>>> print(open('coords24.cif').read())   # mmCIF, C-alpha atoms and all ligand atoms
data_coords
#
loop_
_atom_site.label_atom_id
_atom_site.label_comp_id
_atom_site.auth_asym_id
_atom_site.auth_seq_id
_atom_site.Cartn_x
_atom_site.Cartn_y
_atom_site.Cartn_z
CA MET A 1 96.04 113.00 121.40
CA LYS A 2 99.54 113.50 120.11
CA VAL A 3 100.70 113.83 116.49
CA THR A 4 104.35 113.29 115.54
CA ILE A 5 105.65 114.10 112.09
CA VAL A 6 107.87 111.17 111.22
CA GLY A 7 108.27 112.06 107.55
CA CYS A 8 107.06 115.07 105.59
CA SER A 9 109.16 115.06 102.44
CA GLY A 10 107.07 115.15 99.28
CA SER A 11 107.36 112.48 96.57
CA PHE A 12 110.73 111.17 97.81
CA PRO A 13 112.86 111.48 100.96
CA GLY A 14 114.85 114.67 101.47
CA PRO A 15 118.10 115.31 103.37
CA ASP A 16 116.23 116.10 106.59
CA SER A 17 113.11 113.97 106.36
CA PRO A 18 111.75 110.65 105.17
CA ALA A 19 108.75 110.58 102.83
CA SER A 20 105.21 110.79 104.25
CA CYS A 21 104.52 109.25 107.67
CA TYR A 22 102.64 110.62 110.68
CA LEU A 23 102.27 108.97 114.08
CA VAL A 24 98.98 109.62 115.90
CA GLU A 25 98.72 108.47 119.53
CA ALA A 26 96.01 108.42 122.20
CA ASP A 27 95.45 106.19 125.25
CA GLY A 28 98.64 104.28 124.47
CA PHE A 29 97.36 103.35 120.97
CA ARG A 30 99.73 104.16 118.11
CA MET A 31 98.57 104.59 114.56
CA LEU A 32 100.49 105.55 111.44
CA LEU A 33 99.09 107.64 108.62
CA ASP A 34 101.18 106.60 105.60
CA PHE A 35 104.49 104.76 105.64
CA GLY A 36 106.71 106.31 102.97
CA GLY A 37 110.38 105.70 102.18
CA GLY A 38 112.77 106.14 105.10
CA SER A 39 110.04 106.51 107.71
CA LEU A 40 110.53 103.08 109.31
CA GLY A 41 113.98 104.23 110.43
CA ALA A 42 112.90 107.61 111.79
CA LEU A 43 109.84 106.03 113.45
CA GLN A 44 112.14 104.12 115.82
CA ARG A 45 113.30 107.43 117.33
CA HIS A 46 109.76 107.86 118.64
CA ILE A 47 108.36 104.41 119.45
CA GLY A 48 109.60 100.84 119.60
CA LEU A 49 109.81 98.86 116.38
CA TYR A 50 106.87 96.65 117.41
CA ASP A 51 104.68 99.33 118.98
CA VAL A 52 102.53 100.09 115.93
CA ASP A 53 98.85 99.21 116.53
CA ALA A 54 97.33 100.26 113.18
CA ILE A 55 98.39 101.69 109.82
CA CYS A 56 96.34 103.77 107.38
CA LEU A 57 97.61 104.29 103.83
CA SER A 58 96.14 107.30 102.04
CA HIS A 59 97.02 105.90 98.62
CA LEU A 60 99.44 103.52 96.98
CA HIS A 61 101.96 105.90 95.46
CA ALA A 62 105.42 104.72 96.46
CA ASP A 63 106.24 107.71 98.66
CA HIS A 64 103.27 106.84 100.93
CA CYS A 65 103.59 103.10 101.40
CA LEU A 66 106.94 101.54 100.49
CA ASP A 67 108.28 101.12 104.03
CA MET A 68 105.55 98.52 104.50
CA CYS A 69 108.11 96.26 102.79
CA GLY A 70 110.73 96.59 105.53
CA TYR A 71 108.14 96.53 108.29
CA HIS A 72 106.78 93.27 106.91
CA VAL A 73 110.26 91.74 107.38
CA ALA A 74 110.52 93.09 110.94
CA ARG A 75 107.18 91.59 111.97
CA THR A 76 107.48 88.31 110.08
CA TYR A 77 111.07 87.36 110.99
CA GLY A 78 111.87 89.39 114.14
CA PRO A 79 113.21 87.56 117.24
CA ALA A 80 109.79 87.17 118.91
CA ALA A 81 107.85 86.33 115.73
CA PRO A 82 105.03 85.74 115.16
CA TYR A 83 103.86 89.19 116.22
CA PRO A 84 100.18 90.13 116.28
CA LEU A 85 98.89 91.12 112.85
CA VAL A 86 98.71 94.89 112.42
CA PRO A 87 95.49 96.09 110.77
CA VAL A 88 96.28 98.08 107.63
CA TYR A 89 93.50 100.27 106.22
CA ALA A 90 94.38 100.89 102.59
CA PRO A 91 93.00 100.91 99.05
CA ALA A 92 91.79 97.42 98.14
CA ASP A 93 94.71 96.73 95.82
CA ALA A 94 97.30 97.14 98.61
CA PRO A 95 98.06 93.44 99.31
CA ARG A 96 98.86 92.71 95.65
CA ARG A 97 100.71 95.98 95.04
CA LEU A 98 102.87 95.66 98.16
CA SER A 99 103.82 92.03 97.55
CA ALA A 100 104.81 93.00 94.01
CA ALA A 101 106.86 95.90 95.38
CA TYR A 102 108.69 93.53 97.73
CA GLY A 103 109.06 90.79 95.12
CA MET A 104 107.10 88.03 96.84
CA PRO A 105 104.20 85.82 95.76
CA ASP A 106 100.71 87.21 96.43
CA GLU A 107 99.99 84.19 98.70
CA PRO A 108 100.48 84.64 101.59
CA GLY A 109 102.01 87.98 100.60
CA MET A 110 102.34 90.31 103.58
CA GLU A 111 99.43 88.72 105.45
CA THR A 112 101.96 87.10 107.80
CA ALA A 113 102.42 90.56 109.31
CA PHE A 114 99.37 92.60 108.39
CA GLN A 115 95.63 92.28 108.20
CA PHE A 116 94.50 94.39 105.26
CA VAL A 117 91.17 96.19 105.47
CA PRO A 118 89.99 97.83 102.22
CA LEU A 119 89.26 101.54 102.63
CA ALA A 120 86.03 103.13 101.48
CA PRO A 121 84.67 106.60 102.17
CA GLY A 122 83.06 106.85 105.59
CA SER A 123 83.80 106.71 109.32
CA PHE A 124 84.85 103.80 111.48
CA GLU A 125 86.54 103.08 114.80
CA ILE A 126 90.23 102.19 115.10
CA GLY A 127 91.30 101.75 118.73
CA PRO A 128 90.38 104.97 120.57
CA PHE A 129 90.00 106.88 117.29
CA THR A 130 87.21 107.60 114.87
CA LEU A 131 88.76 107.72 111.43
CA THR A 132 86.88 109.37 108.60
CA ALA A 133 88.15 108.70 105.09
CA GLY A 134 87.13 110.78 102.09
CA LEU A 135 88.15 110.53 98.44
CA VAL A 136 90.38 113.43 97.43
CA ASN A 137 91.55 114.67 94.07
CA HIS A 138 94.61 112.76 92.86
CA PRO A 139 95.22 110.54 89.80
CA VAL A 140 94.74 107.30 91.77
CA GLU A 141 92.31 106.14 94.50
CA ALA A 142 93.42 108.53 97.23
CA TYR A 143 91.97 109.36 100.63
CA GLY A 144 92.20 112.26 103.00
CA PHE A 145 91.71 111.40 106.66
CA ARG A 146 90.24 112.94 109.75
CA VAL A 147 91.22 111.31 113.04
CA SER A 148 89.36 112.18 116.22
CA ASP A 149 89.76 110.87 119.76
CA GLY A 150 86.37 112.27 120.74
CA THR A 151 87.84 115.53 121.97
CA ARG A 152 90.53 116.61 119.53
CA SER A 153 90.98 116.02 115.83
CA VAL A 154 93.62 116.12 113.15
CA ALA A 155 92.97 116.23 109.40
CA TYR A 156 95.46 114.94 106.83
CA SER A 157 95.14 115.73 103.14
CA GLY A 158 97.17 112.85 101.75
CA ASP A 159 98.00 113.92 98.18
CA THR A 160 95.36 116.03 96.49
CA GLY A 161 94.57 118.86 94.14
CA GLU A 162 91.85 121.29 95.12
CA SER A 163 89.15 119.31 96.92
CA ALA A 164 85.81 120.21 98.48
CA GLU A 165 85.96 116.82 100.24
CA LEU A 166 89.17 117.87 102.00
CA VAL A 167 87.44 120.98 103.36
CA LYS A 168 84.63 118.76 104.70
CA LEU A 169 87.06 116.31 106.30
CA ALA A 170 89.03 119.10 107.97
CA ALA A 171 86.04 121.18 109.16
CA GLY A 172 86.88 122.56 112.60
CA ALA A 173 89.90 120.27 113.12
CA ASP A 174 92.43 121.36 115.73
CA LEU A 175 95.31 120.57 113.38
CA MET A 176 95.45 120.20 109.61
CA LEU A 177 98.38 118.50 107.93
CA CYS A 178 97.94 119.72 104.38
CA GLU A 179 100.13 119.00 101.45
CA ALA A 180 101.85 121.94 99.70
CA SER A 181 103.84 120.26 96.96
CA PHE A 182 103.74 123.07 94.42
CA VAL A 183 105.10 126.60 94.24
CA GLU A 184 102.69 128.96 92.46
CA GLY A 185 103.36 129.27 88.78
CA PRO A 186 101.83 129.04 85.32
CA ASP A 187 100.72 125.71 83.91
CA LEU A 188 100.56 123.75 87.16
CA PRO A 189 98.83 120.45 86.38
CA PRO A 190 95.29 120.31 87.83
CA ASP A 191 93.94 117.59 90.16
CA LEU A 192 97.34 116.50 91.44
CA HIS A 193 98.77 118.63 94.27
CA LEU A 194 98.27 121.92 96.12
CA THR A 195 100.35 125.06 96.46
CA GLY A 196 100.89 126.70 99.85
CA ARG A 197 98.26 129.28 98.92
CA GLN A 198 95.71 126.60 98.07
CA ALA A 199 96.51 124.71 101.28
CA ALA A 200 95.85 127.88 103.29
CA GLU A 201 92.60 128.51 101.40
CA HIS A 202 91.42 124.99 102.27
CA ALA A 203 92.42 125.55 105.91
CA ASP A 204 90.52 128.85 105.94
CA ARG A 205 87.36 127.31 104.48
CA ALA A 206 87.58 124.44 106.97
CA ASP A 207 88.25 126.87 109.83
CA VAL A 208 90.96 124.68 111.37
CA GLY A 209 92.95 125.70 114.43
CA ARG A 210 96.44 125.30 112.99
CA LEU A 211 97.85 124.57 109.55
CA VAL A 212 101.02 122.57 109.01
CA LEU A 213 102.24 122.47 105.41
CA THR A 214 103.59 119.09 104.49
CA HIS A 215 104.58 116.80 101.58
CA LEU A 216 107.29 119.40 101.00
CA VAL A 217 109.19 118.55 97.83
CA PRO A 218 112.97 118.90 98.23
CA TRP A 219 113.48 120.84 94.98
CA ASN A 220 111.25 123.70 96.19
CA ASP A 221 112.38 126.69 98.22
CA GLN A 222 110.27 126.04 101.33
CA ARG A 223 110.42 129.71 102.40
CA THR A 224 108.48 130.50 99.22
CA VAL A 225 105.92 127.75 99.96
CA LEU A 226 105.42 129.20 103.45
CA GLU A 227 105.21 132.81 102.18
CA GLN A 228 102.58 131.85 99.64
CA ALA A 229 100.55 130.18 102.40
CA THR A 230 100.83 132.99 104.93
CA GLY A 231 99.61 135.51 102.37
CA ALA A 232 96.44 133.57 101.61
CA GLY A 233 94.00 134.78 104.26
CA PHE A 234 94.06 131.94 106.80
CA ALA A 235 93.99 133.63 110.21
CA GLY A 236 95.47 130.82 112.33
CA PRO A 237 99.08 129.75 112.76
CA VAL A 238 100.81 128.31 109.67
CA GLU A 239 104.13 126.51 109.64
CA LEU A 240 106.22 124.08 107.64
CA ALA A 241 106.24 120.44 108.73
CA ARG A 242 109.50 119.17 110.17
CA SER A 243 110.49 115.56 110.77
CA GLY A 244 110.43 115.03 114.55
CA ALA A 245 107.94 117.82 115.31
CA VAL A 246 105.34 116.83 117.92
CA TYR A 247 101.89 118.39 118.31
CA ASP A 248 100.26 117.63 121.64
CA LEU A 249 96.57 118.33 121.12
CA ALA A 250 95.53 117.36 124.66
ZN ZN A 301 103.06 111.85 97.57
ZN ZN A 302 100.52 110.64 95.32
#
>>> encode(input="coords24.cif", output="structure tokens", more="lines below")
Ligand SMILES: [Zn+2]
Ligand SMILES: [Zn+2]
Amino acid sequence: MKVTIVGCSGSFPGPDSPASCYLVEADGFRMLLDFGGGSLGALQRHIGLYDVDAICLSHLHADHCLDMCGYHVARTYGPAAPYPLVPVYAPADAPRRLSAAYGMPDEPGMETAFQFVPLAPGSFEIGPFTLTAGLVNHPVEAYGFRVSDGTRSVAYSGDTGESAELVKLAAGADLMLCEASFVEGPDLPPDLHLTGRQAAEHADRADVGRLVLTHLVPWNDQRTVLEQATGAGFAGPVELARSGAVYDLA
């Protein structure tokens, strides 16, 4: 199982990274976790434009899903269209929200390219993976994910404030991609995002193998985010996500 960070910039793209998008591969099957702004471009450095087998959207904030618009065009009008429909696991409102974002009628909307499957908490099979979705702590319907290929596993926080569900999802995972949008400070809004320290505390409670801090917001000093995480008691390796980084969990 291989995890590639396509985009790790928090809330909007940064100079060195698109917004949220992670490519998870096993047995030749390629699945995206989130599809934020700019990630469709960077994705093509790693796989072919038409090589995506499934897409999971953690929530419908723009920085996690807007490149569905461009990918819809690629799959609906590309030279070998029609292409097989890509299953898209997403909050139930995704078809309507994404057609509105593109500026198209709801019927047929993006169903010329995608087959939408409404997410609910629980586990199900996608290709060679078992995906477990759990509701995390964010102002909209938002999921954290755990993806396992039967041997290795990766946990992804999506966007969340402090969340016991995230600790459950990540329990014992080889790799945890955990958001660290905030720098510690007074008056941080609750139930929205995590600091580096809080990300490390979740990783410690879940006893994961490796913590990668992601959803890094460009206005923060990322050295501070990393320092606050490394001082928080998690014993395993901690690093900042970087667009293009590959984690081979085999
Ligand atoms: Zn976000
Ligand atoms: Zn969000």
>>> closest_residue(input="coords24.cif", among="A:Gly144, A:Gly150, A:Gly14, A:Gly231", to="ligand ZN 302 (chain A)", atoms="all atoms listed in the file")
A:Gly144
>>> atom_distance(input="coords24.cif", atom1="atom CA of Ser39 of chain A", atom2="atom CA of Phe114 of chain A")
17.5 Å
>>> residues_around(input="coords24.cif", residues="Glu111 of chain A", least_positions_apart="5", cutoff="10 Å", atoms="all atoms listed in the file", output="PDB file with C-alpha atoms, in the frame of the given file")
ATOM      1  CA  HIS A  72     106.780  93.270 106.910  1.00  0.00           C
ATOM      2  CA  THR A  76     107.480  88.310 110.080  1.00  0.00           C
ATOM      3  CA  LEU A  85      98.890  91.120 112.850  1.00  0.00           C
ATOM      4  CA  VAL A  86      98.710  94.890 112.420  1.00  0.00           C
ATOM      5  CA  PRO A  87      95.490  96.090 110.770  1.00  0.00           C
ATOM      6  CA  PRO A  95      98.060  93.440  99.310  1.00  0.00           C
ATOM      7  CA  SER A  99     103.820  92.030  97.550  1.00  0.00           C
ATOM      8  CA  ASP A 106     100.710  87.210  96.430  1.00  0.00           C
ATOM      9  CA  PHE A 116      94.500  94.390 105.260  1.00  0.00           C
TER      10      PHE A 116
END
>>> residues_near_ligand(input="coords24.cif", ligand="ligand ZN 302 (chain A)", cutoff="10 Å", atoms="all atoms listed in the file", output="PyMOL selection string")
chain A and resi 10-11+58-64+137-142+158-160+192-193+215
>>> residues_near_point(input="coords24.cif", point="(91.5, 122.0, 98.4)", cutoff="10 Å", atoms="only C-alpha atoms", output="ChimeraX atom specification")
/A:136-137,157,160-168,178-179,191,193-195,197-203,205-206
>>> closest_residue(input="coords24.cif", among="A:Met110, A:Pro105, A:Cys8, A:Ile55", to="Tyr89 of chain A", atoms="only C-alpha atoms")
A:Ile55
>>> atom_distance(input="coords24.cif", atom1="atom CA of Phe29 of chain A", atom2="atom CA of Val52 of chain A")
7.9 Å
>>> closest_residue(input="coords24.cif", among="A:Ala100, A:Leu32, A:Ala232, A:Leu216", to="ligand ZN 301 (chain A)", atoms="all atoms listed in the file")
A:Leu216
>>> closest_residue(input="coords24.cif", among="A:Asn220, A:Thr132, A:Ser181, A:Thr4", to="ligand ZN 301 (chain A)", atoms="all atoms listed in the file")
A:Ser181
>>> residues_around(input="coords24.cif", residues="segment 19-21 of chain A", least_positions_apart="6", cutoff="6 Å", atoms="all atoms listed in the file", output="PyMOL selection string")
chain A and resi 6-9+12-13+33-37+63-64
>>> atom_distance(input="coords24.cif", atom1="atom CA of Ala92 of chain A", atom2="atom CA of Ile47 of chain A")
27.9 Å
>>> closest_residue(input="coords24.cif", among="A:Leu57, A:Leu23, A:Ala80, A:Ala133", to="ligand ZN 301 (chain A)", atoms="all atoms listed in the file")
A:Leu57
>>> residues_around(input="coords24.cif", residues="Ala250 of chain A", least_positions_apart="5", cutoff="9 Å", atoms="only C-alpha atoms", output="PyMOL selection string")
chain A and resi 1-2+151-152
>>> closest_residue(input="coords24.cif", among="A:Asp53, A:Thr214, A:Asp204, A:Gly127", to="ligand ZN 301 (chain A)", atoms="all atoms listed in the file")
A:Thr214
>>> residues_around(input="coords24.cif", residues="Tyr102 of chain A", least_positions_apart="3", cutoff="9 Å", atoms="all atoms listed in the file", output="PyMOL selection string")
chain A and resi 66+68-70+97-99
>>> residues_around(input="coords24.cif", residues="Glu239 of chain A", least_positions_apart="4", cutoff="8 Å", atoms="only C-alpha atoms", output="PyMOL selection string")
chain A and resi 211-213+226
>>> axis_aligned_box(input="coords24.cif", around="segment 92-106 of chain A", padding_each_side="4 Å", output="JSON")
{"center_x": 100.4, "center_y": 91.6, "center_z": 96.7, "size_x": 25.3, "size_y": 19.6, "size_z": 13.3}
>>> decode(input="coords24.cif", residues="segment 92-168 of chain A", atoms="C-alpha atoms", output="PDB file, in the first residue's frame")
ATOM      1  CA  ALA A  92     -25.210  12.904   0.384  1.00  0.00           C
ATOM      2  CA  ASP A  93     -25.463  16.496  -0.806  1.00  0.00           C
ATOM      3  CA  ALA A  94     -22.383  16.186  -3.064  1.00  0.00           C
ATOM      4  CA  PRO A  95     -24.142  15.825  -6.464  1.00  0.00           C
ATOM      5  CA  ARG A  96     -26.201  18.990  -5.966  1.00  0.00           C
ATOM      6  CA  ARG A  97     -23.387  20.987  -4.360  1.00  0.00           C
ATOM      7  CA  LEU A  98     -20.845  20.085  -7.045  1.00  0.00           C
ATOM      8  CA  SER A  99     -23.160  20.816  -9.975  1.00  0.00           C
ATOM      9  CA  ALA A 100     -23.909  24.187  -8.388  1.00  0.00           C
ATOM     10  CA  ALA A 101     -20.175  24.824  -7.967  1.00  0.00           C
ATOM     11  CA  TYR A 102     -19.607  24.067 -11.650  1.00  0.00           C
ATOM     12  CA  GLY A 103     -22.682  25.983 -12.798  1.00  0.00           C
ATOM     13  CA  MET A 104     -24.613  23.139 -14.423  1.00  0.00           C
ATOM     14  CA  PRO A 105     -28.150  21.799 -13.983  1.00  0.00           C
ATOM     15  CA  ASP A 106     -28.592  19.111 -11.308  1.00  0.00           C
ATOM     16  CA  GLU A 107     -29.778  16.668 -14.020  1.00  0.00           C
ATOM     17  CA  PRO A 108     -27.672  14.896 -15.128  1.00  0.00           C
ATOM     18  CA  GLY A 109     -25.173  16.962 -13.151  1.00  0.00           C
ATOM     19  CA  MET A 110     -21.829  15.200 -12.838  1.00  0.00           C
ATOM     20  CA  GLU A 111     -23.356  11.724 -13.130  1.00  0.00           C
ATOM     21  CA  THR A 112     -21.926  11.514 -16.663  1.00  0.00           C
ATOM     22  CA  ALA A 113     -18.531  11.035 -15.010  1.00  0.00           C
ATOM     23  CA  PHE A 114     -19.176   9.884 -11.462  1.00  0.00           C
ATOM     24  CA  GLN A 115     -21.362   7.509  -9.546  1.00  0.00           C
ATOM     25  CA  PHE A 116     -22.077   9.142  -6.193  1.00  0.00           C
ATOM     26  CA  VAL A 117     -22.412   6.941  -3.120  1.00  0.00           C
ATOM     27  CA  PRO A 118     -23.632   8.723   0.039  1.00  0.00           C
ATOM     28  CA  LEU A 119     -21.264   8.292   2.982  1.00  0.00           C
ATOM     29  CA  ALA A 120     -22.417   7.154   6.393  1.00  0.00           C
ATOM     30  CA  PRO A 121     -20.370   6.065   9.392  1.00  0.00           C
ATOM     31  CA  GLY A 122     -19.169   2.487   9.084  1.00  0.00           C
ATOM     32  CA  SER A 123     -16.890   0.201   7.080  1.00  0.00           C
ATOM     33  CA  PHE A 124     -17.178  -0.977   3.501  1.00  0.00           C
ATOM     34  CA  GLU A 125     -15.037  -2.383   0.700  1.00  0.00           C
ATOM     35  CA  ILE A 126     -13.635  -0.234  -2.115  1.00  0.00           C
ATOM     36  CA  GLY A 127     -11.446  -2.264  -4.490  1.00  0.00           C
ATOM     37  CA  PRO A 128      -8.735  -3.923  -2.370  1.00  0.00           C
ATOM     38  CA  PHE A 129      -9.387  -1.562   0.550  1.00  0.00           C
ATOM     39  CA  THR A 130     -11.604  -1.556   3.595  1.00  0.00           C
ATOM     40  CA  LEU A 131     -12.591   2.030   4.206  1.00  0.00           C
ATOM     41  CA  THR A 132     -13.931   3.038   7.595  1.00  0.00           C
ATOM     42  CA  ALA A 133     -15.631   6.419   7.816  1.00  0.00           C
ATOM     43  CA  GLY A 134     -16.351   8.164  11.110  1.00  0.00           C
ATOM     44  CA  LEU A 135     -17.969  11.522  11.832  1.00  0.00           C
ATOM     45  CA  VAL A 136     -15.429  14.030  13.105  1.00  0.00           C
ATOM     46  CA  ASN A 137     -15.810  17.418  14.721  1.00  0.00           C
ATOM     47  CA  HIS A 138     -16.226  20.168  12.116  1.00  0.00           C
ATOM     48  CA  PRO A 139     -19.073  22.626  11.396  1.00  0.00           C
ATOM     49  CA  VAL A 140     -20.449  20.532   8.508  1.00  0.00           C
ATOM     50  CA  GLU A 141     -20.987  16.786   7.919  1.00  0.00           C
ATOM     51  CA  ALA A 142     -17.340  15.727   7.931  1.00  0.00           C
ATOM     52  CA  TYR A 143     -15.676  12.328   7.982  1.00  0.00           C
ATOM     53  CA  GLY A 144     -12.316  11.003   9.007  1.00  0.00           C
ATOM     54  CA  PHE A 145     -11.180   7.883   7.172  1.00  0.00           C
ATOM     55  CA  ARG A 146      -9.203   4.769   7.867  1.00  0.00           C
ATOM     56  CA  VAL A 147      -8.053   2.823   4.812  1.00  0.00           C
ATOM     57  CA  SER A 148      -6.687  -0.680   5.200  1.00  0.00           C
ATOM     58  CA  ASP A 149      -5.471  -3.162   2.594  1.00  0.00           C
ATOM     59  CA  GLY A 150      -5.694  -6.015   5.100  1.00  0.00           C
ATOM     60  CA  THR A 151      -2.081  -5.632   6.156  1.00  0.00           C
ATOM     61  CA  ARG A 152      -1.317  -1.926   6.435  1.00  0.00           C
ATOM     62  CA  SER A 153      -3.479   1.046   7.252  1.00  0.00           C
ATOM     63  CA  VAL A 154      -3.538   4.800   6.940  1.00  0.00           C
ATOM     64  CA  ALA A 155      -5.797   7.160   8.889  1.00  0.00           C
ATOM     65  CA  TYR A 156      -6.810  10.593   7.602  1.00  0.00           C
ATOM     66  CA  SER A 157      -8.418  13.187   9.849  1.00  0.00           C
ATOM     67  CA  GLY A 158     -10.099  15.293   7.185  1.00  0.00           C
ATOM     68  CA  ASP A 159     -10.877  18.587   8.942  1.00  0.00           C
ATOM     69  CA  THR A 160     -11.679  18.291  12.628  1.00  0.00           C
ATOM     70  CA  GLY A 161     -11.414  19.781  16.065  1.00  0.00           C
ATOM     71  CA  GLU A 162     -10.601  17.476  18.951  1.00  0.00           C
ATOM     72  CA  SER A 163     -12.329  14.161  18.274  1.00  0.00           C
ATOM     73  CA  ALA A 164     -12.549  10.869  20.156  1.00  0.00           C
ATOM     74  CA  GLU A 165     -13.828   9.336  16.898  1.00  0.00           C
ATOM     75  CA  LEU A 166     -10.563  10.267  15.171  1.00  0.00           C
ATOM     76  CA  VAL A 167      -8.585   8.414  17.845  1.00  0.00           C
ATOM     77  CA  LYS A 168     -10.784   5.336  17.255  1.00  0.00           C
TER      78      LYS A 168
END
